[in-house]
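Source file: target.txt. Holds: compact mmCIF, C-alpha atoms.
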```
# COMPACT_ATOMS: atom_id res chain seq x y z
CA MET I 288 6.48 -28.84 6.85
CA ASN I 289 3.86 -27.79 4.31
CA LYS I 290 0.98 -25.79 5.74
CA LEU I 291 -1.47 -27.01 3.17
CA THR I 292 -2.25 -30.37 1.60
CA ASN I 293 -4.23 -30.71 -1.59
CA ARG I 294 -5.89 -33.22 -3.89
CA LEU I 295 -5.65 -31.09 -6.98
CA ARG I 296 -3.85 -33.75 -9.00
CA VAL I 297 -6.52 -36.29 -8.05
CA TYR I 298 -9.32 -34.01 -9.18
CA ARG I 299 -7.48 -32.97 -12.32
CA THR I 300 -6.70 -36.50 -13.48
CA ALA I 301 -10.25 -37.61 -12.66
CA ALA I 302 -11.49 -34.82 -14.91
CA ALA I 303 -9.02 -35.90 -17.63
CA LEU I 304 -7.44 -32.45 -17.71
CA THR I 305 -3.80 -31.75 -18.39
CA GLN I 306 -1.98 -29.19 -16.26
CA ALA I 307 -1.94 -26.86 -19.25
CA ALA I 308 -5.69 -27.23 -19.84
CA LEU I 309 -6.47 -26.58 -16.19
CA ALA I 310 -4.08 -23.62 -16.15
CA GLU I 311 -5.90 -22.10 -19.10
CA ARG I 312 -9.26 -22.57 -17.39
CA VAL I 313 -8.17 -20.70 -14.26
CA ARG I 314 -5.92 -18.20 -16.08
CA VAL I 315 -2.53 -19.07 -14.59
CA SER I 316 0.59 -20.68 -16.01
CA ARG I 317 0.99 -24.45 -16.23
CA LYS I 318 3.94 -24.17 -13.86
CA THR I 319 1.73 -22.59 -11.22
CA ILE I 320 -0.61 -25.59 -11.41
CA ASN I 321 2.43 -27.84 -11.09
CA THR I 322 3.77 -26.05 -8.02
CA ILE I 323 0.32 -26.09 -6.39
CA GLU I 324 -0.02 -29.84 -6.97
CA ASN I 325 3.40 -30.37 -5.43
CA ALA I 326 2.48 -28.20 -2.42
CA ILE I 327 5.24 -25.72 -3.23
CA PHE I 328 2.99 -22.76 -3.94
CA ILE I 329 -0.04 -21.91 -1.83
CA PRO I 330 -2.71 -20.35 -4.05
CA SER I 331 -4.78 -17.32 -3.12
CA THR I 332 -8.39 -17.72 -2.02
CA VAL I 333 -9.50 -16.44 -5.42
CA LEU I 334 -7.51 -19.06 -7.30
CA ALA I 335 -8.63 -21.79 -4.90
CA LEU I 336 -12.25 -20.79 -5.55
CA ARG I 337 -11.65 -20.85 -9.31
CA LEU I 338 -10.15 -24.32 -9.07
CA ALA I 339 -13.08 -25.54 -7.01
CA ALA I 340 -15.47 -24.07 -9.57
CA VAL I 341 -13.76 -25.99 -12.38
CA PHE I 342 -14.31 -29.27 -10.54
CA ASP I 343 -17.72 -28.24 -9.18
CA CYS I 344 -16.74 -28.92 -5.59
CA HIS I 345 -15.95 -27.03 -2.40
CA VAL I 346 -12.52 -25.52 -1.79
CA GLU I 347 -12.17 -27.79 1.26
CA ASP I 348 -12.57 -30.82 -0.98
CA ILE I 349 -9.35 -29.87 -2.75
CA PHE I 350 -7.40 -28.06 -0.05
CA ALA I 351 -6.93 -28.84 3.62
CA LEU I 352 -4.71 -27.63 6.40
CA ALA I 353 -1.79 -29.96 7.07
CA PRO I 354 -2.62 -32.81 9.52
CA ASP I 355 -0.29 -31.42 12.17
CA ASP I 356 -2.11 -28.08 12.21
CA PRO I 357 -4.37 -27.76 15.29
CA ASN I 358 -7.14 -26.41 13.06
CA SER I 359 -6.67 -29.03 10.39
CA ASN I 360 -9.68 -30.16 8.40
CA PHE I 361 -7.65 -32.91 6.75
CA ARG I 362 -9.70 -36.10 6.25
CA PRO I 363 -7.46 -38.84 4.86
CA ASN I 364 -10.27 -41.34 4.28
CA GLN I 365 -12.48 -39.02 2.33
CA MET L 1159 10.78 -24.97 -21.86
CA PHE L 1160 8.90 -21.66 -21.84
CA GLU L 1161 5.26 -21.79 -22.83
CA ASN L 1162 4.82 -18.05 -22.60
CA PRO L 1163 6.67 -15.56 -24.84
CA LEU L 1164 6.91 -12.96 -22.09
CA THR L 1165 8.53 -15.47 -19.73
CA ALA L 1166 11.24 -16.17 -22.32
CA ILE L 1167 11.75 -12.48 -23.08
CA ARG L 1168 11.90 -11.64 -19.38
CA LEU L 1169 14.49 -14.35 -18.80
CA LEU L 1170 16.62 -13.14 -21.71
CA ALA L 1171 16.40 -9.53 -20.49
CA ASN L 1172 17.44 -10.55 -16.99
CA VAL L 1173 20.33 -12.68 -18.26
CA ALA L 1174 21.52 -9.82 -20.50
CA LEU L 1175 21.33 -7.35 -17.63
CA VAL L 1176 23.17 -9.60 -15.19
CA GLY L 1177 25.83 -10.30 -17.83
CA MET L 1178 26.30 -6.60 -18.46
CA LEU L 1179 26.46 -5.88 -14.73
CA VAL L 1180 29.11 -8.55 -14.22
CA ALA L 1181 31.14 -6.95 -17.03
CA PHE L 1182 30.57 -3.51 -15.49
CA THR L 1183 31.74 -4.77 -12.09
CA MET L 1184 34.89 -6.21 -13.64
CA ARG L 1185 35.48 -2.89 -15.42
CA VAL L 1186 35.14 -0.96 -12.15
CA LEU L 1187 37.48 -3.30 -10.32
CA SER L 1188 40.09 -3.59 -13.07
CA GLY L 1189 40.12 0.03 -14.19
CA GLY L 1190 39.78 -0.74 -17.93
CA PRO L 1191 38.98 -0.94 -20.80
CA GLY L 1192 37.06 2.06 -22.07
CA PRO L 1193 35.72 5.17 -20.34
CA LEU L 1194 33.64 4.42 -17.25
CA ALA L 1195 30.83 6.72 -18.41
CA THR L 1196 30.35 4.60 -21.53
CA TRP L 1197 29.94 1.51 -19.38
CA VAL L 1198 27.41 3.26 -17.16
CA TRP L 1199 25.36 4.35 -20.18
CA ALA L 1200 25.60 0.92 -21.79
CA THR L 1201 24.49 -0.82 -18.60
CA GLY L 1202 21.60 1.58 -18.11
CA GLY L 1203 20.68 1.19 -21.77
CA ILE L 1204 20.51 -2.61 -21.49
CA ALA L 1205 18.30 -2.30 -18.41
CA ILE L 1206 15.91 0.15 -20.07
CA ALA L 1207 15.89 -1.78 -23.37
CA GLY L 1208 14.96 -4.96 -21.48
CA ALA L 1209 12.06 -3.19 -19.82
CA VAL L 1210 10.88 -1.67 -23.12
CA VAL L 1211 11.03 -5.01 -24.95
CA GLN L 1212 8.96 -6.64 -22.20
CA PHE L 1213 6.47 -3.78 -22.32
CA VAL L 1214 6.11 -4.03 -26.09
CA ALA L 1215 5.83 -7.83 -25.93
CA SER L 1216 3.02 -7.44 -23.42
CA PHE L 1217 1.03 -5.60 -26.08
CA LEU L 1218 2.05 -7.80 -29.01
CA TYR L 1219 1.20 -11.06 -27.28
CA SER L 1220 -1.70 -9.85 -25.15
CA PRO L 1221 -3.66 -11.66 -23.75
CA ALA L 1222 -1.32 -14.67 -24.15
CA ILE L 1223 1.12 -13.12 -21.69
CA ARG L 1224 -1.44 -13.02 -18.87
CA PRO L 1225 -0.22 -16.27 -17.23
CA ALA L 1226 3.29 -14.80 -17.22
CA TRP L 1227 1.99 -12.42 -14.57
CA ASP L 1228 -0.13 -14.83 -12.57
CA GLU L 1229 -0.15 -14.76 -8.79
CA GLN L 1230 2.85 -17.03 -8.37
CA VAL L 1231 4.93 -14.79 -10.65
CA VAL L 1232 3.76 -11.68 -8.80
CA GLN L 1233 4.76 -13.30 -5.51
CA THR L 1234 8.15 -14.27 -6.95
CA HIS L 1235 8.62 -10.78 -8.36
CA THR L 1236 7.90 -9.25 -4.95
CA GLY L 1237 10.33 -11.71 -3.41
CA SER L 1238 13.02 -10.65 -5.85
CA TYR L 1239 12.83 -7.06 -4.63
CA ALA L 1240 12.91 -8.13 -0.98
CA PHE L 1241 15.97 -10.26 -1.79
CA GLY L 1242 17.57 -7.31 -3.58
CA TYR L 1243 16.93 -5.05 -0.60
CA TRP L 1244 18.68 -7.35 1.86
CA MET L 1245 21.57 -8.04 -0.51
CA LEU L 1246 22.09 -4.31 -1.00
CA LEU L 1247 22.00 -3.72 2.73
CA LEU L 1248 24.62 -6.42 3.29
CA ALA L 1249 26.69 -5.13 0.37
CA PHE L 1250 26.58 -1.60 1.73
CA LEU L 1251 27.94 -2.82 5.06
CA ALA L 1252 30.59 -4.98 3.38
CA LEU L 1253 31.69 -2.18 1.06
CA PHE L 1254 31.79 0.29 3.93
CA LEU L 1255 34.08 -2.05 5.86
CA ALA L 1256 36.18 -2.47 2.72
CA THR L 1257 36.60 1.29 2.44
CA GLN L 1258 37.62 1.49 6.10
CA PHE L 1259 39.94 -1.49 6.37
CA ALA L 1260 40.81 -2.80 2.89
CA GLY L 1261 41.74 0.38 1.06
CA LEU L 1262 38.74 0.41 -1.29
CA SER L 1263 37.99 3.93 -2.50
CA THR L 1264 34.58 5.37 -1.72
CA GLU L 1265 34.12 6.10 -5.45
CA THR L 1266 34.62 2.44 -6.35
CA ALA L 1267 32.39 1.34 -3.47
CA PHE L 1268 29.65 3.66 -4.74
CA LEU L 1269 29.95 2.29 -8.28
CA LEU L 1270 29.82 -1.30 -7.01
CA LEU L 1271 26.53 -0.67 -5.23
CA ALA L 1272 24.75 -0.10 -8.55
CA PRO L 1273 25.38 -3.60 -10.01
CA ILE L 1274 24.32 -5.19 -6.72
CA LEU L 1275 21.16 -3.11 -6.63
CA ALA L 1276 20.25 -3.92 -10.22
CA ALA L 1277 21.48 -7.49 -10.53
CA THR L 1278 20.21 -9.20 -7.40
CA PRO L 1279 16.47 -9.03 -8.26
CA SER L 1280 17.30 -10.22 -11.78
CA ILE L 1281 19.37 -13.12 -10.47
CA TYR L 1282 16.48 -14.07 -8.18
CA MET L 1283 14.06 -14.01 -11.14
CA ILE L 1284 16.43 -16.07 -13.32
CA VAL L 1285 16.72 -18.77 -10.66
CA ALA L 1286 12.95 -18.70 -10.03
CA THR L 1287 12.24 -19.03 -13.75
CA ILE L 1288 14.56 -22.01 -14.10
CA ARG L 1289 12.86 -23.60 -11.06
CA GLY L 1290 9.43 -23.08 -12.63
CA ARG L 1291 8.25 -20.42 -10.21
CA ALA L 1292 8.11 -17.43 -12.49
CA GLY L 1293 5.80 -18.23 -15.36
```

Could you take the file, read its structure, and then write that structure out as structure tokens?
Amino acid sequence: MNKLTNRLRVYRTAAALTQAALAERVRVSRKTINTIENAIFIPSTVLALRLAAVFDCHVEDIFALAPDDPNSNFRPNQ
Amino acid sequence: MFENPLTAIRLLANVALVGMLVAFTMRVLSGGPGPLATWVWATGGIAIAGAVVQFVASFLYSPAIRPAWDEQVVQTHTGSYAFGYWMLLLAFLALFLATQFAGLSTETAFLLLAPILAATPSIYMIVATIRGRAG
């Protein structure tokens, strides 16, 4: 079970950014963006903050603990 | 397939090293051809050449190579050494048992440890690169 859910793809497509363009903005490889979007790779706090800065939102808007986590902040209707 | 030159060079260096180590292992097990010392030098030379080429490429393509060392790659790279450690530990035990019960000479067992030590992190990185987790 993944520990973290994310809406990175939603934010990225809404901003009309390709994975490569977003990767360049936050200084990682396109494949890292891809693995984050697919919940394979969990980014560091620094990278999460950079991603949030690109979309001008809070980190929690993009990332949330998985729903089955007792401390989850996951809000499916948001 | 590879957007970053360093990722491609790193993959090629790892494939070359693993290929050489497989050949070295076969040489150790078969007893021929060529002097063993030549194989040891050739294998070491490939490993060092791979490192030098990557180092030089890091300067030539800087800062384009930066994403090839992003946090996912660093995590994968660390994982490759952890994988190598456990594989070597298991190999040591297996080779020790082989020397005790299967007639393997301690000299051959010692020589076989080197390819396992050097190849397992490279194999891990090759697989990670193909799976898109190493740049």

d(CA of Phe1268 in chain L, CA of Ala1200 in chain L) in Å
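Computing it gives 17.7 Å between the two atoms.
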
Could you list the residues in chain I lying within 12 Å of chain L, using all atoms listed in the file, and format the result as a ChimeraX atom specification?
/I:307,310-323,325,327-335

Kindly export the residues of the current selection with C-alpha atoms, as an mmCIF file, keeping the file's coordinate frame.
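What landed in part32.cif:
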```cif
data_model
loop_
_atom_site.group_PDB
_atom_site.id
_atom_site.type_symbol
_atom_site.label_atom_id
_atom_site.label_comp_id
_atom_site.auth_asym_id
_atom_site.auth_seq_id
_atom_site.Cartn_x
_atom_site.Cartn_y
_atom_site.Cartn_z
ATOM 1 C CA ALA I 307 -1.940 -26.860 -19.250
ATOM 2 C CA ALA I 310 -4.080 -23.620 -16.150
ATOM 3 C CA GLU I 311 -5.900 -22.100 -19.100
ATOM 4 C CA ARG I 312 -9.260 -22.570 -17.390
ATOM 5 C CA VAL I 313 -8.170 -20.700 -14.260
ATOM 6 C CA ARG I 314 -5.920 -18.200 -16.080
ATOM 7 C CA VAL I 315 -2.530 -19.070 -14.590
ATOM 8 C CA SER I 316 0.590 -20.680 -16.010
ATOM 9 C CA ARG I 317 0.990 -24.450 -16.230
ATOM 10 C CA LYS I 318 3.940 -24.170 -13.860
ATOM 11 C CA THR I 319 1.730 -22.590 -11.220
ATOM 12 C CA ILE I 320 -0.610 -25.590 -11.410
ATOM 13 C CA ASN I 321 2.430 -27.840 -11.090
ATOM 14 C CA THR I 322 3.770 -26.050 -8.020
ATOM 15 C CA ILE I 323 0.320 -26.090 -6.390
ATOM 16 C CA ASN I 325 3.400 -30.370 -5.430
ATOM 17 C CA ILE I 327 5.240 -25.720 -3.230
ATOM 18 C CA PHE I 328 2.990 -22.760 -3.940
ATOM 19 C CA ILE I 329 -0.040 -21.910 -1.830
ATOM 20 C CA PRO I 330 -2.710 -20.350 -4.050
ATOM 21 C CA SER I 331 -4.780 -17.320 -3.120
ATOM 22 C CA THR I 332 -8.390 -17.720 -2.020
ATOM 23 C CA VAL I 333 -9.500 -16.440 -5.420
ATOM 24 C CA LEU I 334 -7.510 -19.060 -7.300
ATOM 25 C CA ALA I 335 -8.630 -21.790 -4.900
#
```

Which is closer to Leu1164 in chain L than all the others in L:Ala1256, L:Ala1209, L:Ala1267, L:Leu1246, using only C-alpha atoms?
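The closest residue to Leu1164 in chain L is L:Ala1209.
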
I want to know what sits within 10 Å of Phe350 in chain I, based on only C-alpha atoms, with residues of the same chain fewer than 5 positions away left out; could you give that as a ChimeraX atom specification?
/I:291-295,329-330,335,339,345,360-361

Could you jot down the CA of Phe1217 in chain L to CA of Thr1278 in chain L separation for me, Å, one decimal place?
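It comes out at 27.0 Å.
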
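The two atoms in question, CA of Leu1271 in chain L and CA of Thr1165 in chain L, are spaced 27.4 Å apart.
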
Leaving out Tyr298 in chain I and any residue of its chain fewer than 2 positions from it, which residues lie within 12 Å of it when counting only C-alpha atoms, given as a PyMOL selection string?
chain I and resi 293-296+300-306+309+324+338-346+348-350

Which polymer residues have any atom within 12 Å of an atom of Ser1263 in chain L, counting only C-alpha atoms, with same-chain residues fewer than 6 positions away left out, as a PyMOL selection string?
chain L and resi 1186-1187+1253-1257+1269-1270

Would you fill out range 297-309 of chain I with N, CA and C atoms and return it as a short mmCIF file (atom, residue, chain, number, x, y, z; two decimals), keeping the file's coordinate frame?
```cif
data_model
loop_
_atom_site.label_atom_id
_atom_site.label_comp_id
_atom_site.auth_asym_id
_atom_site.auth_seq_id
_atom_site.Cartn_x
_atom_site.Cartn_y
_atom_site.Cartn_z
N VAL I 297 -5.47 -35.27 -8.02
CA VAL I 297 -6.52 -36.29 -8.05
C VAL I 297 -7.73 -35.79 -8.83
N TYR I 298 -8.16 -34.59 -8.49
CA TYR I 298 -9.32 -34.01 -9.18
C TYR I 298 -9.03 -33.76 -10.66
N ARG I 299 -7.82 -33.30 -10.94
CA ARG I 299 -7.48 -32.97 -12.32
C ARG I 299 -7.44 -34.24 -13.19
N THR I 300 -6.80 -35.27 -12.68
CA THR I 300 -6.70 -36.50 -13.48
C THR I 300 -8.08 -37.15 -13.62
N ALA I 301 -8.89 -37.05 -12.57
CA ALA I 301 -10.25 -37.61 -12.66
C ALA I 301 -11.07 -36.88 -13.73
N ALA I 302 -10.78 -35.61 -13.90
CA ALA I 302 -11.49 -34.82 -14.91
C ALA I 302 -10.81 -34.91 -16.29
N ALA I 303 -9.77 -35.71 -16.37
CA ALA I 303 -9.02 -35.90 -17.63
C ALA I 303 -8.50 -34.57 -18.19
N LEU I 304 -8.01 -33.74 -17.28
CA LEU I 304 -7.44 -32.45 -17.71
C LEU I 304 -5.92 -32.49 -17.59
N THR I 305 -5.24 -31.92 -18.54
CA THR I 305 -3.80 -31.75 -18.39
C THR I 305 -3.55 -30.52 -17.53
N GLN I 306 -2.32 -30.39 -17.04
CA GLN I 306 -1.98 -29.19 -16.26
C GLN I 306 -2.18 -27.94 -17.10
N ALA I 307 -1.81 -28.03 -18.36
CA ALA I 307 -1.94 -26.86 -19.25
C ALA I 307 -3.41 -26.49 -19.45
N ALA I 308 -4.26 -27.51 -19.62
CA ALA I 308 -5.69 -27.23 -19.84
C ALA I 308 -6.31 -26.61 -18.59
N LEU I 309 -5.94 -27.15 -17.44
CA LEU I 309 -6.47 -26.58 -16.19
C LEU I 309 -5.96 -25.16 -15.99
#
```
